[in-house]
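Heads up, input39.tsv below (TSV, N, CA and C atoms):
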```
chain	number	residue	atom	x	y	z
V	1	GLN	N	-2.18	13.14	31.23
V	1	GLN	CA	-1.40	13.77	30.17
V	1	GLN	C	-1.67	13.04	28.86
V	2	LYS	N	-1.88	13.81	27.81
V	2	LYS	CA	-2.18	13.28	26.49
V	2	LYS	C	-0.91	12.93	25.74
V	3	GLU	N	-0.93	11.77	25.03
V	3	GLU	CA	0.20	11.41	24.19
V	3	GLU	C	-0.01	12.05	22.83
V	4	VAL	N	0.99	12.67	22.30
V	4	VAL	CA	0.89	13.36	21.01
V	4	VAL	C	1.67	12.56	19.98
V	5	TYR	N	1.01	12.26	18.86
V	5	TYR	CA	1.67	11.55	17.76
V	5	TYR	C	2.20	12.58	16.78
V	6	VAL	N	3.46	12.53	16.52
V	6	VAL	CA	4.08	13.46	15.59
V	6	VAL	C	4.31	12.73	14.27
V	7	HIS	N	3.64	13.20	13.23
V	7	HIS	CA	3.80	12.61	11.90
V	7	HIS	C	5.03	13.24	11.26
V	8	SER	N	6.01	12.42	10.94
V	8	SER	CA	7.27	12.94	10.43
V	8	SER	C	7.71	12.17	9.20
V	9	ARG	N	8.38	12.85	8.27
V	9	ARG	CA	8.89	12.15	7.10
V	9	ARG	C	10.22	11.44	7.43
V	10	TYR	N	10.71	11.64	8.64
V	10	TYR	CA	11.91	10.94	9.10
V	10	TYR	C	11.67	9.44	9.05
V	11	ILE	N	12.62	8.68	8.51
V	11	ILE	CA	12.50	7.22	8.44
V	11	ILE	C	13.38	6.63	9.54
V	12	PRO	N	12.75	5.95	10.51
V	12	PRO	CA	13.53	5.39	11.64
V	12	PRO	C	14.62	4.44	11.16
V	13	LEU	N	15.70	4.37	11.92
V	13	LEU	CA	16.84	3.53	11.58
V	13	LEU	C	16.44	2.07	11.38
V	14	ARG	N	15.55	1.55	12.24
V	14	ARG	CA	15.14	0.14	12.10
V	14	ARG	C	14.44	-0.09	10.76
V	15	VAL	N	13.64	0.88	10.30
V	15	VAL	CA	12.96	0.77	9.01
V	15	VAL	C	13.99	0.87	7.89
V	16	GLN	N	14.95	1.77	8.01
V	16	GLN	CA	16.00	1.89	7.00
V	16	GLN	C	16.73	0.55	6.84
V	17	GLU	N	17.08	-0.08	7.96
V	17	GLU	CA	17.80	-1.36	7.92
V	17	GLU	C	16.94	-2.44	7.25
V	18	LEU	N	15.66	-2.51	7.58
V	18	LEU	CA	14.77	-3.51	6.99
V	18	LEU	C	14.64	-3.30	5.48
V	19	VAL	N	14.51	-2.05	5.05
V	19	VAL	CA	14.35	-1.75	3.63
V	19	VAL	C	15.64	-2.07	2.86
V	20	VAL	N	16.78	-1.72	3.42
V	20	VAL	CA	18.07	-2.00	2.75
V	20	VAL	C	18.26	-3.51	2.62
V	21	ASN	N	17.96	-4.25	3.67
V	21	ASN	CA	18.11	-5.71	3.61
V	21	ASN	C	17.12	-6.33	2.63
V	22	ARG	N	15.88	-5.83	2.62
V	22	ARG	CA	14.86	-6.35	1.70
V	22	ARG	C	15.27	-6.12	0.25
V	23	SER	N	15.87	-4.98	-0.02
V	23	SER	CA	16.22	-4.62	-1.40
V	23	SER	C	17.49	-5.31	-1.89
V	24	GLY	N	18.22	-5.93	-0.98
V	24	GLY	CA	19.50	-6.53	-1.37
V	24	GLY	C	20.56	-5.49	-1.63
V	25	HIS	N	20.43	-4.33	-0.99
V	25	HIS	CA	21.39	-3.23	-1.10
V	25	HIS	C	21.47	-2.67	-2.52
V	26	LYS	N	20.32	-2.68	-3.25
V	26	LYS	CA	20.31	-2.12	-4.60
V	26	LYS	C	18.97	-1.44	-4.87
V	27	CYS	N	18.92	-0.67	-5.93
V	27	CYS	CA	17.72	0.06	-6.33
V	27	CYS	C	16.57	-0.93	-6.56
V	28	GLU	N	15.38	-0.59	-6.04
V	28	GLU	CA	14.22	-1.48	-6.17
V	28	GLU	C	13.37	-1.20	-7.41
V	29	MET	N	13.79	-0.27	-8.26
V	29	MET	CA	13.04	0.00	-9.48
V	29	MET	C	13.27	-1.18	-10.44
V	30	PRO	N	12.19	-1.76	-10.97
V	30	PRO	CA	12.35	-2.90	-11.89
V	30	PRO	C	13.31	-2.56	-13.04
V	31	GLY	N	14.25	-3.45	-13.28
V	31	GLY	CA	15.21	-3.27	-14.36
V	31	GLY	C	16.47	-2.52	-13.98
V	32	CYS	N	16.50	-1.92	-12.80
V	32	CYS	CA	17.67	-1.17	-12.37
V	32	CYS	C	18.45	-2.00	-11.34
V	33	GLU	N	19.74	-2.03	-11.48
V	33	GLU	CA	20.58	-2.79	-10.57
V	33	GLU	C	21.56	-1.89	-9.81
V	34	ALA	N	21.33	-0.58	-9.83
V	34	ALA	CA	22.27	0.37	-9.23
V	34	ALA	C	22.47	0.07	-7.74
V	35	ARG	N	23.70	0.23	-7.29
V	35	ARG	CA	24.05	-0.01	-5.89
V	35	ARG	C	24.69	1.23	-5.26
V	36	HIS	N	24.72	2.34	-5.99
V	36	HIS	CA	25.33	3.57	-5.48
V	36	HIS	C	24.31	4.71	-5.51
V	37	HIS	N	24.54	5.71	-4.69
V	37	HIS	CA	23.66	6.88	-4.61
V	37	HIS	C	22.22	6.47	-4.33
V	38	LEU	N	22.03	5.60	-3.35
V	38	LEU	CA	20.70	5.09	-3.00
V	38	LEU	C	20.00	6.04	-2.04
V	39	GLU	N	18.68	6.17	-2.23
V	39	GLU	CA	17.86	7.05	-1.41
V	39	GLU	C	16.60	6.31	-0.98
V	40	PHE	N	16.09	6.67	0.18
V	40	PHE	CA	14.82	6.11	0.64
V	40	PHE	C	13.68	6.92	0.03
V	41	ASP	N	12.65	6.22	-0.43
V	41	ASP	CA	11.53	6.88	-1.08
V	41	ASP	C	10.22	6.38	-0.48
V	42	HIS	N	9.31	7.30	-0.18
V	42	HIS	CA	7.98	6.92	0.28
V	42	HIS	C	7.13	6.53	-0.92
V	43	ILE	N	6.53	5.36	-0.90
V	43	ILE	CA	5.67	4.91	-2.00
V	43	ILE	C	4.44	5.80	-2.07
V	44	ILE	N	3.69	5.87	-0.97
V	44	ILE	CA	2.63	6.87	-0.85
V	44	ILE	C	3.34	8.08	-0.27
V	45	PRO	N	3.43	9.16	-1.00
V	45	PRO	CA	4.21	10.31	-0.55
V	45	PRO	C	3.83	10.78	0.85
V	46	TRP	N	4.84	11.17	1.60
V	46	TRP	CA	4.62	11.64	2.96
V	46	TRP	C	3.63	12.80	2.97
V	47	ILE	N	3.74	13.68	2.00
V	47	ILE	CA	2.88	14.86	1.92
V	47	ILE	C	1.42	14.48	1.67
V	48	LYS	N	1.19	13.26	1.16
V	48	LYS	CA	-0.17	12.78	0.89
V	48	LYS	C	-0.64	11.79	1.94
V	49	GLY	N	0.05	11.77	3.08
V	49	GLY	CA	-0.38	10.94	4.20
V	49	GLY	C	0.33	9.61	4.33
V	50	GLY	N	1.33	9.35	3.51
V	50	GLY	CA	2.08	8.10	3.59
V	50	GLY	C	2.92	8.04	4.85
V	51	SER	N	3.05	6.86	5.39
V	51	SER	CA	3.82	6.69	6.63
V	51	SER	C	5.28	6.37	6.32
V	52	SER	N	6.07	6.34	7.36
V	52	SER	CA	7.48	5.96	7.23
V	52	SER	C	7.68	4.53	7.73
V	53	GLU	N	6.67	3.70	7.56
V	53	GLU	CA	6.78	2.28	7.92
V	53	GLU	C	7.39	1.51	6.76
V	54	GLU	N	7.91	0.32	7.04
V	54	GLU	CA	8.63	-0.47	6.04
V	54	GLU	C	7.81	-0.71	4.77
V	55	TYR	N	6.52	-1.00	4.92
V	55	TYR	CA	5.69	-1.31	3.75
V	55	TYR	C	5.53	-0.11	2.81
V	56	ASN	N	5.81	1.10	3.27
V	56	ASN	CA	5.63	2.29	2.45
V	56	ASN	C	6.95	2.94	2.04
V	57	VAL	N	8.05	2.26	2.27
V	57	VAL	CA	9.36	2.83	1.95
V	57	VAL	C	10.10	1.87	1.04
V	58	LYS	N	10.72	2.43	-0.02
V	58	LYS	CA	11.55	1.60	-0.89
V	58	LYS	C	12.87	2.31	-1.12
V	59	LEU	N	13.83	1.57	-1.62
V	59	LEU	CA	15.17	2.07	-1.86
V	59	LEU	C	15.34	2.29	-3.36
V	60	LEU	N	15.64	3.52	-3.75
V	60	LEU	CA	15.84	3.85	-5.17
V	60	LEU	C	17.17	4.55	-5.34
V	61	CYS	N	17.78	4.36	-6.51
V	61	CYS	CA	18.97	5.15	-6.82
V	61	CYS	C	18.51	6.57	-7.13
V	62	ARG	N	19.42	7.51	-7.06
V	62	ARG	CA	19.07	8.92	-7.26
V	62	ARG	C	18.41	9.13	-8.64
V	63	LYS	N	18.94	8.47	-9.68
V	63	LYS	CA	18.41	8.64	-11.03
V	63	LYS	C	16.95	8.17	-11.12
V	64	CYS	N	16.65	6.98	-10.59
V	64	CYS	CA	15.28	6.46	-10.63
V	64	CYS	C	14.33	7.28	-9.77
V	65	ASN	N	14.82	7.74	-8.63
V	65	ASN	CA	13.99	8.54	-7.74
V	65	ASN	C	13.60	9.86	-8.40
V	66	ARG	N	14.55	10.50	-9.11
V	66	ARG	CA	14.25	11.76	-9.78
V	66	ARG	C	13.31	11.53	-10.97
V	67	LYS	N	13.53	10.42	-11.68
V	67	LYS	CA	12.71	10.11	-12.84
V	67	LYS	C	11.26	9.82	-12.43
V	68	LYS	N	11.09	9.18	-11.27
V	68	LYS	CA	9.76	8.83	-10.78
V	68	LYS	C	8.96	10.08	-10.47
V	69	GLY	N	9.59	11.04	-9.85
V	69	GLY	CA	8.94	12.32	-9.57
V	69	GLY	C	7.63	12.17	-8.81
V	70	GLN	N	6.64	12.97	-9.20
V	70	GLN	CA	5.34	13.00	-8.54
V	70	GLN	C	4.31	12.20	-9.33
V	71	LYS	N	4.63	10.99	-9.74
V	71	LYS	CA	3.73	10.20	-10.57
V	71	LYS	C	2.90	9.21	-9.76
V	72	PHE	N	2.76	9.43	-8.48
V	72	PHE	CA	2.07	8.48	-7.61
V	72	PHE	C	0.65	8.18	-8.09
V	73	GLU	N	-0.14	9.21	-8.36
V	73	GLU	CA	-1.52	9.01	-8.77
V	73	GLU	C	-1.61	8.23	-10.08
V	74	ASP	N	-0.80	8.63	-11.06
V	74	ASP	CA	-0.82	7.94	-12.35
V	74	ASP	C	-0.42	6.48	-12.23
V	75	GLU	N	0.60	6.23	-11.42
V	75	GLU	CA	1.16	4.90	-11.33
V	75	GLU	C	0.34	3.95	-10.46
V	76	TYR	N	-0.19	4.45	-9.34
V	76	TYR	CA	-0.83	3.56	-8.39
V	76	TYR	C	-2.34	3.70	-8.32
V	77	LEU	N	-2.89	4.89	-8.44
V	77	LEU	CA	-4.32	5.06	-8.23
V	77	LEU	C	-5.13	5.00	-9.51
V	78	VAL	N	-4.80	5.79	-10.49
V	78	VAL	CA	-5.63	5.90	-11.68
V	78	VAL	C	-5.72	4.57	-12.41
V	79	LYS	N	-4.60	3.91	-12.65
V	79	LYS	CA	-4.63	2.63	-13.35
V	79	LYS	C	-5.44	1.61	-12.57
V	80	SER	N	-5.23	1.57	-11.28
V	80	SER	CA	-5.92	0.59	-10.45
V	80	SER	C	-7.43	0.80	-10.50
V	81	ILE	N	-7.87	2.03	-10.37
V	81	ILE	CA	-9.30	2.32	-10.39
V	81	ILE	C	-9.89	2.00	-11.76
V	82	SER	N	-9.22	2.43	-12.82
V	82	SER	CA	-9.76	2.19	-14.16
V	82	SER	C	-9.83	0.69	-14.47
V	83	GLU	N	-8.89	-0.09	-13.96
V	83	GLU	CA	-8.95	-1.54	-14.17
V	83	GLU	C	-10.20	-2.12	-13.53
V	84	HIS	N	-10.57	-1.62	-12.38
V	84	HIS	CA	-11.74	-2.17	-11.69
V	84	HIS	C	-13.04	-1.76	-12.34
V	85	ILE	N	-13.12	-0.55	-12.85
V	85	ILE	CA	-14.40	-0.12	-13.42
V	85	ILE	C	-14.52	-0.45	-14.91
V	86	SER	N	-13.46	-0.93	-15.52
V	86	SER	CA	-13.54	-1.25	-16.94
V	86	SER	C	-14.03	-2.68	-17.17
V	87	LYS	N	-14.15	-3.48	-16.12
V	87	LYS	CA	-14.60	-4.86	-16.26
V	87	LYS	C	-15.94	-5.03	-15.54
V	88	PRO	N	-17.05	-4.87	-16.26
V	88	PRO	CA	-18.36	-5.00	-15.61
V	88	PRO	C	-18.62	-6.44	-15.17
V	89	VAL	N	-19.44	-6.58	-14.16
V	89	VAL	CA	-19.80	-7.88	-13.61
V	89	VAL	C	-21.23	-8.19	-14.00
V	90	GLU	N	-21.48	-9.43	-14.38
V	90	GLU	CA	-22.84	-9.84	-14.73
V	90	GLU	C	-23.74	-9.73	-13.50
V	91	ILE	N	-24.98	-9.32	-13.72
V	91	ILE	CA	-25.92	-9.12	-12.62
V	91	ILE	C	-26.18	-10.43	-11.87
V	92	LYS	N	-26.10	-11.57	-12.57
V	92	LYS	CA	-26.31	-12.87	-11.92
V	92	LYS	C	-25.27	-13.09	-10.81
V	93	ILE	N	-24.06	-12.64	-11.06
V	93	ILE	CA	-23.00	-12.81	-10.07
V	93	ILE	C	-23.28	-11.94	-8.85
V	94	VAL	N	-23.79	-10.73	-9.07
V	94	VAL	CA	-24.13	-9.84	-7.96
V	94	VAL	C	-25.22	-10.47	-7.10
V	95	TYR	N	-26.26	-11.01	-7.75
V	95	TYR	CA	-27.34	-11.67	-7.01
V	95	TYR	C	-26.82	-12.89	-6.24
V	96	LEU	N	-25.92	-13.64	-6.84
V	96	LEU	CA	-25.33	-14.81	-6.17
V	96	LEU	C	-24.57	-14.38	-4.92
V	97	ILE	N	-23.81	-13.30	-5.02
V	97	ILE	CA	-23.05	-12.80	-3.86
V	97	ILE	C	-24.00	-12.33	-2.76
V	98	ILE	N	-25.07	-11.65	-3.14
V	98	ILE	CA	-26.05	-11.19	-2.15
V	98	ILE	C	-26.67	-12.38	-1.42
V	99	GLU	N	-27.04	-13.42	-2.16
V	99	GLU	CA	-27.63	-14.61	-1.54
V	99	GLU	C	-26.63	-15.30	-0.61
V	100	PHE	N	-25.38	-15.34	-1.02
V	100	PHE	CA	-24.34	-15.95	-0.18
V	100	PHE	C	-24.18	-15.17	1.12
V	101	VAL	N	-24.17	-13.86	1.04
V	101	VAL	CA	-24.04	-13.02	2.24
V	101	VAL	C	-25.23	-13.23	3.16
V	102	LYS	N	-26.43	-13.30	2.60
V	102	LYS	CA	-27.63	-13.55	3.43
V	102	LYS	C	-27.53	-14.89	4.13
V	103	LEU	N	-27.11	-15.93	3.40
V	103	LEU	CA	-26.97	-17.27	3.98
V	103	LEU	C	-25.93	-17.26	5.10
V	104	SER	N	-24.79	-16.64	4.84
V	104	SER	CA	-23.73	-16.55	5.86
V	104	SER	C	-24.22	-15.80	7.08
V	105	HIS	N	-24.94	-14.73	6.86
V	105	HIS	CA	-25.49	-13.93	7.94
V	105	HIS	C	-26.40	-14.80	8.83
V	106	ASN	N	-27.28	-15.57	8.20
V	106	ASN	CA	-28.19	-16.44	8.96
V	106	ASN	C	-27.44	-17.54	9.70
V	107	LEU	N	-26.42	-18.12	9.07
V	107	LEU	CA	-25.65	-19.18	9.74
V	107	LEU	C	-24.92	-18.63	10.95
V	108	PHE	N	-24.29	-17.48	10.81
V	108	PHE	CA	-23.59	-16.88	11.95
V	108	PHE	C	-24.55	-16.55	13.08
V	109	LYS	N	-25.74	-16.09	12.71
V	109	LYS	CA	-26.74	-15.74	13.71
V	109	LYS	C	-27.17	-17.00	14.49
V	110	GLU	N	-27.37	-18.13	13.77
V	110	GLU	CA	-27.76	-19.39	14.40
V	110	GLU	C	-26.67	-19.92	15.31
V	111	GLU	N	-25.41	-19.72	14.94
V	111	GLU	CA	-24.29	-20.23	15.73
V	111	GLU	C	-23.91	-19.29	16.86
V	112	GLY	N	-24.59	-18.16	16.97
V	112	GLY	CA	-24.30	-17.23	18.04
V	112	GLY	C	-23.08	-16.37	17.79
V	113	ARG	N	-22.60	-16.34	16.55
V	113	ARG	CA	-21.43	-15.52	16.22
V	113	ARG	C	-21.85	-14.21	15.56
V	114	TYR	N	-23.10	-13.88	15.71
V	114	TYR	CA	-23.65	-12.69	15.08
V	114	TYR	C	-23.51	-11.50	16.00
V	115	PHE	N	-22.99	-10.43	15.48
V	115	PHE	CA	-22.85	-9.20	16.27
V	115	PHE	C	-23.77	-8.15	15.67
V	116	SER	N	-24.64	-7.61	16.48
V	116	SER	CA	-25.54	-6.59	15.95
V	116	SER	C	-25.19	-5.24	16.52
```

Turn the structure described in the file into structure tokens.
Amino acid sequence: QKEVYVHSRYIPLRVQELVVNRSGHKCEMPGCEARHHLEFDHIIPWIKGGSSEEYNVKLLCRKCNRKKGQKFEDEYLVKSISEHISKPVEIKIVYLIIEFVKLSHNLFKEEGRYFS
């Protein structure tokens, strides 16, 4: 018999308890100290593949949760990607990294820790 994994936006009670304790029973939005009308929010939206595990759930007050809306890409992905591609790396550093990887590869091979 096959086990079927059901992906659900339901947040298990144990995860709810961990998130509430982690947040100190208040809104986790920076600058907000609200302790009423709290809601669980998926950081990576459930509809976009986010899980209901503790690392992907935060506690927000209703006002902050509504204000946040569907800004996931703007807030987490676009800025992060642009930060990485806006800082070019000198070619000397790339060559140094390649040489280091080759050296490590040879050392692991000599020590028998090489997996092919």

**OP:** Enter the distance from atom CA of V:Lys68 to atom CA of V:Ile11, in Å, rounded to one decimal.
**Re:**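 Atom-to-atom, atom CA of V:Lys68 and atom CA of V:Ile11 are spaced 19.5 Å apart.
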
**OP:** Taking (17.1, 1.6, -2.0) in the file's own coordinates, collect the residues within 9 Å, counting only C-alpha atoms, and hand them back as a count of residues only.
**Re:** 21

Subject >> Separation of atom CA of V:His36 from atom CA of V:Lys63, in Å and rounded to one decimal >> reply: 10.2 Å

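Coordinates place atom CA of V:Ser52 at a distance of 19.5 Å from atom CA of V:Cys64.
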
Step by step: locate stretch 42-73 of chain V in the block above, keep N, CA, C and O atoms, then write the file as a CSV table (one decimal), in the first residue's frame.
```csv
chain,number,residue,atom,x,y,z
V,42,HIS,N,2.0,32.1,6.4
V,42,HIS,CA,3.1,31.4,5.7
V,42,HIS,C,4.1,32.4,5.1
V,42,HIS,O,3.6,33.3,4.4
V,43,ILE,N,5.3,32.3,5.4
V,43,ILE,CA,6.4,33.2,4.8
V,43,ILE,C,6.4,32.9,3.3
V,43,ILE,O,6.3,33.9,2.5
V,44,ILE,N,6.7,31.7,2.9
V,44,ILE,CA,6.6,31.3,1.5
V,44,ILE,C,5.1,30.9,1.4
V,44,ILE,O,4.7,29.9,2.1
V,45,PRO,N,4.3,31.6,0.7
V,45,PRO,CA,2.9,31.3,0.6
V,45,PRO,C,2.6,29.8,0.3
V,45,PRO,O,3.3,29.2,-0.5
V,46,TRP,N,1.6,29.3,1.0
V,46,TRP,CA,1.2,27.9,0.8
V,46,TRP,C,0.9,27.7,-0.7
V,46,TRP,O,1.3,26.7,-1.3
V,47,ILE,N,0.2,28.6,-1.4
V,47,ILE,CA,-0.1,28.5,-2.8
V,47,ILE,C,1.1,28.4,-3.7
V,47,ILE,O,1.0,27.9,-4.8
V,48,LYS,N,2.2,28.9,-3.2
V,48,LYS,CA,3.5,28.8,-4.0
V,48,LYS,C,4.4,27.7,-3.5
V,48,LYS,O,5.6,27.8,-3.8
V,49,GLY,N,3.9,26.8,-2.8
V,49,GLY,CA,4.7,25.6,-2.4
V,49,GLY,C,5.2,25.7,-1.0
V,49,GLY,O,6.0,24.8,-0.6
V,50,GLY,N,4.9,26.7,-0.2
V,50,GLY,CA,5.4,26.8,1.2
V,50,GLY,C,4.8,25.8,2.1
V,50,GLY,O,3.6,25.4,1.9
V,51,SER,N,5.6,25.3,3.0
V,51,SER,CA,5.1,24.3,3.9
V,51,SER,C,4.5,24.9,5.2
V,51,SER,O,4.6,26.1,5.4
V,52,SER,N,3.9,24.1,6.0
V,52,SER,CA,3.3,24.5,7.3
V,52,SER,C,4.3,24.1,8.4
V,52,SER,O,3.8,23.9,9.5
V,53,GLU,N,5.5,24.1,8.2
V,53,GLU,CA,6.5,23.8,9.2
V,53,GLU,C,6.9,25.1,9.9
V,53,GLU,O,6.7,26.2,9.4
V,54,GLU,N,7.5,25.0,11.1
V,54,GLU,CA,7.8,26.1,12.0
V,54,GLU,C,8.6,27.2,11.2
V,54,GLU,O,8.3,28.4,11.4
V,55,TYR,N,9.6,26.8,10.5
V,55,TYR,CA,10.5,27.7,9.8
V,55,TYR,C,9.8,28.6,8.8
V,55,TYR,O,10.3,29.6,8.4
V,56,ASN,N,8.6,28.2,8.3
V,56,ASN,CA,7.9,28.9,7.3
V,56,ASN,C,6.6,29.6,7.8
V,56,ASN,O,5.8,30.1,7.0
V,57,VAL,N,6.4,29.6,9.1
V,57,VAL,CA,5.2,30.2,9.7
V,57,VAL,C,5.6,31.3,10.7
V,57,VAL,O,6.6,31.1,11.4
V,58,LYS,N,4.9,32.4,10.6
V,58,LYS,CA,5.2,33.5,11.6
V,58,LYS,C,3.8,34.0,12.1
V,58,LYS,O,2.8,33.7,11.5
V,59,LEU,N,3.9,34.7,13.2
V,59,LEU,CA,2.7,35.2,13.8
V,59,LEU,C,2.6,36.7,13.5
V,59,LEU,O,3.5,37.4,13.8
V,60,LEU,N,1.5,37.1,12.9
V,60,LEU,CA,1.3,38.5,12.6
V,60,LEU,C,-0.1,39.0,13.1
V,60,LEU,O,-1.0,38.2,13.2
V,61,CYS,N,-0.1,40.3,13.5
V,61,CYS,CA,-1.5,40.8,13.8
V,61,CYS,C,-2.2,41.0,12.5
V,61,CYS,O,-1.7,41.0,11.4
V,62,ARG,N,-3.5,41.1,12.6
V,62,ARG,CA,-4.4,41.1,11.5
V,62,ARG,C,-4.0,42.3,10.6
V,62,ARG,O,-3.9,42.2,9.4
V,63,LYS,N,-3.7,43.5,11.2
V,63,LYS,CA,-3.3,44.7,10.4
V,63,LYS,C,-2.1,44.5,9.6
V,63,LYS,O,-2.0,44.8,8.4
V,64,CYS,N,-1.0,43.9,10.2
V,64,CYS,CA,0.3,43.7,9.5
V,64,CYS,C,0.1,42.6,8.4
V,64,CYS,O,0.7,42.7,7.4
V,65,ASN,N,-0.7,41.6,8.7
V,65,ASN,CA,-0.9,40.5,7.8
V,65,ASN,C,-1.6,41.0,6.5
V,65,ASN,O,-1.3,40.7,5.4
V,66,ARG,N,-2.6,41.9,6.7
V,66,ARG,CA,-3.3,42.5,5.6
V,66,ARG,C,-2.5,43.4,4.8
V,66,ARG,O,-2.5,43.5,3.6
V,67,LYS,N,-1.6,44.2,5.5
V,67,LYS,CA,-0.8,45.1,4.9
V,67,LYS,C,0.3,44.4,4.0
V,67,LYS,O,0.7,44.9,2.9
V,68,LYS,N,0.8,43.3,4.5
V,68,LYS,CA,1.8,42.5,3.8
V,68,LYS,C,1.3,42.0,2.5
V,68,LYS,O,2.0,42.1,1.5
V,69,GLY,N,0.1,41.5,2.5
V,69,GLY,CA,-0.5,41.1,1.2
V,69,GLY,C,0.3,40.0,0.5
V,69,GLY,O,0.9,39.2,1.1
V,70,GLN,N,0.3,40.2,-0.8
V,70,GLN,CA,1.0,39.2,-1.7
V,70,GLN,C,2.4,39.8,-2.2
V,70,GLN,O,2.7,39.8,-3.3
V,71,LYS,N,3.2,40.3,-1.2
V,71,LYS,CA,4.4,40.9,-1.6
V,71,LYS,C,5.6,40.0,-1.4
V,71,LYS,O,6.8,40.4,-1.3
V,72,PHE,N,5.4,38.7,-1.4
V,72,PHE,CA,6.5,37.7,-1.2
V,72,PHE,C,7.6,37.9,-2.2
V,72,PHE,O,8.8,38.0,-1.8
V,73,GLU,N,7.3,38.0,-3.5
V,73,GLU,CA,8.4,38.1,-4.5
V,73,GLU,C,9.2,39.3,-4.3
V,73,GLU,O,10.4,39.3,-4.3
```
